[in-house]
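Colleague: This is the structure, below, for whatever I ask next.
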Amino acid sequence: MIRAIIVGADRVAANGDTANKIGTYQLAITARYHGCQFIVAAPTTSVDLHTKSGADIVIEERDEAEILVQTGFERQGVLEGRLKRVEVQVAPVGTRAWNPSFDVTPAELISAIVTERGIVVKQPGSSEFDMAGHMRGE
């Protein structure tokens, strides 16, 4: 039985919302659904007290071509022993894609945040973390 899911974070906001690679938010939802702990492990260098919440985290957007176009080798060339790379449009012409580099997991879905300074938990009844207190050693 799985008891916890542990992930990293590229950024931790002052309230404990976190930004990490795409799919982290899905793991948090999965943990909640299955009654597992969802723990974020991150160095204090990832804690940004100037960023109040996840809504303030700027998410880099990657080129939509990473989703709409695939690169591979021309099949006939492979069969004949010569490799010719080709790009293939895999979505209908005119299709647009949103391709963020990160997703944001709200503090509400996080059980604890672990840094080299210790473990941060929410106060009873709170849906947010006190990352500023943690950074001050409280």
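Ordering of the structure tokens sets the chain letters (A, B, ...), residue numbers begin anew at 1 in every chain, and ligands are numbered from 1 in the order given.
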Considering only alpha helix (DSSP H) as DSSP defines it on the backbone, what residues of chain A qualify? List them as a count of residues only.
Modeller: 25
Colleague: Which residues come within 7 Å of stretch 113-122 of chain A, counting only C-alpha atoms, excluding same-chain residues fewer than 6 positions away, as number ranges by chain?
Modeller: A: 39-44, 128-129, 134
Colleague: Take the residues from that selection and put them in a file with all heavy atoms, as a compact mmCIF listing (two decimals), in the first residue's frame.
Modeller:
# COMPACT_ATOMS: atom_id res chain seq x y z
N ILE A 39 3.84 14.96 -0.04
CA ILE A 39 4.93 15.68 0.59
C ILE A 39 5.82 16.30 -0.47
O ILE A 39 6.21 15.65 -1.44
CB ILE A 39 5.75 14.71 1.48
CG1 ILE A 39 4.83 14.09 2.55
CG2 ILE A 39 6.95 15.42 2.10
CD1 ILE A 39 5.42 12.92 3.27
N VAL A 40 6.17 17.57 -0.25
CA VAL A 40 7.08 18.28 -1.14
C VAL A 40 8.43 18.40 -0.44
O VAL A 40 8.50 18.86 0.70
CB VAL A 40 6.53 19.68 -1.49
CG1 VAL A 40 7.57 20.48 -2.27
CG2 VAL A 40 5.23 19.56 -2.27
N ALA A 41 9.48 17.97 -1.11
CA ALA A 41 10.84 18.11 -0.60
C ALA A 41 11.58 19.10 -1.48
O ALA A 41 11.68 18.90 -2.70
CB ALA A 41 11.55 16.75 -0.60
N ALA A 42 12.06 20.18 -0.88
CA ALA A 42 12.72 21.22 -1.66
C ALA A 42 13.76 21.94 -0.79
O ALA A 42 13.55 22.09 0.41
CB ALA A 42 11.69 22.22 -2.18
N PRO A 43 14.82 22.40 -1.40
CA PRO A 43 15.79 23.18 -0.63
C PRO A 43 15.22 24.56 -0.32
O PRO A 43 14.33 25.05 -1.02
CB PRO A 43 16.99 23.29 -1.58
CG PRO A 43 16.39 23.19 -2.95
CD PRO A 43 15.21 22.25 -2.80
N THR A 44 15.73 25.20 0.71
CA THR A 44 15.24 26.53 1.06
C THR A 44 15.53 27.55 -0.05
O THR A 44 14.85 28.57 -0.13
CB THR A 44 15.85 27.04 2.38
OG1 THR A 44 17.28 26.96 2.30
CG2 THR A 44 15.34 26.22 3.56
N GLU A 128 -2.96 26.70 4.51
CA GLU A 128 -1.70 27.23 4.00
C GLU A 128 -0.56 26.96 4.98
O GLU A 128 -0.78 26.69 6.15
CB GLU A 128 -1.81 28.74 3.75
CG GLU A 128 -2.84 29.11 2.71
CD GLU A 128 -2.89 30.61 2.45
OE1 GLU A 128 -2.32 31.39 3.24
OE2 GLU A 128 -3.50 30.98 1.44
N PHE A 129 0.66 27.07 4.47
CA PHE A 129 1.87 26.91 5.27
C PHE A 129 2.42 28.29 5.63
O PHE A 129 2.21 29.26 4.90
CB PHE A 129 2.94 26.15 4.48
CG PHE A 129 2.58 24.72 4.21
CD1 PHE A 129 1.86 24.37 3.08
CD2 PHE A 129 2.97 23.71 5.08
CE1 PHE A 129 1.53 23.05 2.82
CE2 PHE A 129 2.65 22.39 4.83
CZ PHE A 129 1.92 22.06 3.69
N HIS A 134 9.01 29.37 8.89
CA HIS A 134 9.99 28.28 8.71
C HIS A 134 11.36 28.85 8.38
O HIS A 134 12.38 28.42 8.94
CB HIS A 134 9.52 27.33 7.61
CG HIS A 134 10.48 26.24 7.32
ND1 HIS A 134 10.75 25.22 8.21
CD2 HIS A 134 11.26 25.99 6.23
CE1 HIS A 134 11.64 24.40 7.69
NE2 HIS A 134 11.97 24.86 6.48
Colleague: For stretch 68-84 of chain A, find every residue with an atom within 12 Å (counting only C-alpha atoms), except residues of its own chain fewer than 3 positions away, and show them as a list in words.
Modeller: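 The filter keeps Arg62, Asp63, Glu64, Ala65, Glu87, Val88, Gln89, Val90, Ala91, Pro92, Val93, Gly94, Thr95, Arg96, Ala97, Trp98 and Asn99 of chain A.
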Colleague: Take the residues that were just selected and, keeping N, CA, C and O atoms, output them as a CSV table (one decimal), in the first residue's frame.
Modeller:
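Final file, part_8.csv:
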chain,number,residue,atom,x,y,z
A,62,ARG,N,6.4,26.9,-23.1
A,62,ARG,CA,7.3,26.3,-24.1
A,62,ARG,C,6.6,26.4,-25.5
A,62,ARG,O,5.4,26.6,-25.6
A,63,ASP,N,7.4,26.1,-26.5
A,63,ASP,CA,6.9,26.2,-27.9
A,63,ASP,C,5.8,25.2,-28.1
A,63,ASP,O,6.0,24.0,-27.8
A,64,GLU,N,4.7,25.6,-28.7
A,64,GLU,CA,3.6,24.6,-29.0
A,64,GLU,C,4.0,23.5,-30.0
A,64,GLU,O,3.4,22.5,-30.0
A,65,ALA,N,5.0,23.8,-30.8
A,65,ALA,CA,5.5,22.8,-31.7
A,65,ALA,C,6.0,21.5,-31.0
A,65,ALA,O,5.9,20.4,-31.6
A,87,GLU,N,10.1,16.0,-39.9
A,87,GLU,CA,9.2,16.5,-38.9
A,87,GLU,C,7.8,16.2,-39.4
A,87,GLU,O,7.5,16.4,-40.6
A,88,VAL,N,6.9,15.8,-38.6
A,88,VAL,CA,5.6,15.4,-39.0
A,88,VAL,C,4.6,16.2,-38.1
A,88,VAL,O,4.6,16.1,-36.9
A,89,GLN,N,3.6,16.9,-38.7
A,89,GLN,CA,2.6,17.5,-38.0
A,89,GLN,C,1.6,16.5,-37.5
A,89,GLN,O,1.1,15.7,-38.3
A,90,VAL,N,1.4,16.4,-36.2
A,90,VAL,CA,0.5,15.3,-35.7
A,90,VAL,C,-0.8,15.8,-35.3
A,90,VAL,O,-1.7,15.0,-34.8
A,91,ALA,N,-1.1,17.1,-35.5
A,91,ALA,CA,-2.4,17.7,-35.2
A,91,ALA,C,-2.9,18.4,-36.4
A,91,ALA,O,-2.1,18.8,-37.3
A,92,PRO,N,-4.2,18.5,-36.5
A,92,PRO,CA,-4.7,19.2,-37.7
A,92,PRO,C,-4.2,20.6,-37.9
A,92,PRO,O,-3.9,21.3,-36.9
A,93,VAL,N,-4.0,21.0,-39.1
A,93,VAL,CA,-3.5,22.4,-39.4
A,93,VAL,C,-4.4,23.4,-38.7
A,93,VAL,O,-5.6,23.3,-38.7
A,94,GLY,N,-3.8,24.4,-38.0
A,94,GLY,CA,-4.5,25.4,-37.3
A,94,GLY,C,-4.7,25.1,-35.9
A,94,GLY,O,-5.2,26.0,-35.1
A,95,THR,N,-4.4,23.9,-35.4
A,95,THR,CA,-4.5,23.5,-34.0
A,95,THR,C,-3.5,24.3,-33.2
A,95,THR,O,-2.4,24.5,-33.6
A,96,ARG,N,-3.9,24.8,-32.1
A,96,ARG,CA,-3.1,25.6,-31.2
A,96,ARG,C,-2.9,24.7,-29.9
A,96,ARG,O,-3.7,23.9,-29.6
A,97,ALA,N,-1.8,24.9,-29.2
A,97,ALA,CA,-1.5,24.2,-28.0
A,97,ALA,C,-0.9,25.1,-26.9
A,97,ALA,O,-0.2,26.0,-27.2
A,98,TRP,N,-1.3,24.8,-25.7
A,98,TRP,CA,-0.7,25.5,-24.6
A,98,TRP,C,0.3,24.5,-24.0
A,98,TRP,O,-0.1,23.4,-23.6
A,99,ASN,N,1.5,24.9,-23.8
A,99,ASN,CA,2.6,24.0,-23.4
A,99,ASN,C,3.4,24.6,-22.2
A,99,ASN,O,4.5,25.0,-22.4
Colleague: I need the strand (DSSP E) residues of stretch 1-136 of chain A per DSSP on the backbone, written as number ranges by chain.
Modeller: A: 4-7, 11-13, 18-21, 37-41, 47-48, 69-73, 85-89, 102-105, 112-115, 118-120
Colleague: Pick the closest to A:Thr51 from A:Arg3, A:Arg85, A:Arg11, A:Lys21: which is it, counting only C-alpha atoms?
Modeller: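 Nearest candidate to A:Thr51 out of A:Arg3, A:Arg85, A:Arg11, A:Lys21: A:Arg11.
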Colleague: Could you please determine the separation between atom CA of A:Glu61 and atom CA of A:Leu109 in Å, to one decimal place?
Modeller: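 Calculated distance between atom CA of A:Glu61 and atom CA of A:Leu109 is 23.9 Å.
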Colleague: Please measure the separation of atom CA of A:Cys36 and atom CA of A:Ser101, giving the value in Å to one decimal.
Modeller: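 Result for atom CA of A:Cys36 versus atom CA of A:Ser101: 25.8 Å, one decimal.
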Colleague: Excluding same-chain residues fewer than 3 positions from A:Asp10, what lies within 12 Å of it counting only C-alpha atoms, as a PyMOL selection string?
Modeller: chain A and resi 7+13+17-22+24+40-48+54+57-59+101-105
Colleague: Taking only C-alpha atoms into account, which of A:Glu108, A:Asp56, A:Glu66, A:Glu138 comes nearest A:Ile29?
Modeller: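 Among A:Glu108, A:Asp56, A:Glu66, A:Glu138, it is A:Glu108 that comes nearest to A:Ile29.
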Colleague: Just checking: using only C-alpha atoms, which residue out of A:Val86, A:Ile6, A:Met1, A:Ala107 ends up closest to A:Ala55?
Modeller: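 Distance minimum relative to A:Ala55 lands on A:Ala107.
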Colleague: Nearest to A:Met135: which of A:Gln26, A:Ala4, A:Glu60, A:Ala14 is it, counting only C-alpha atoms?
Modeller: A:Ala14
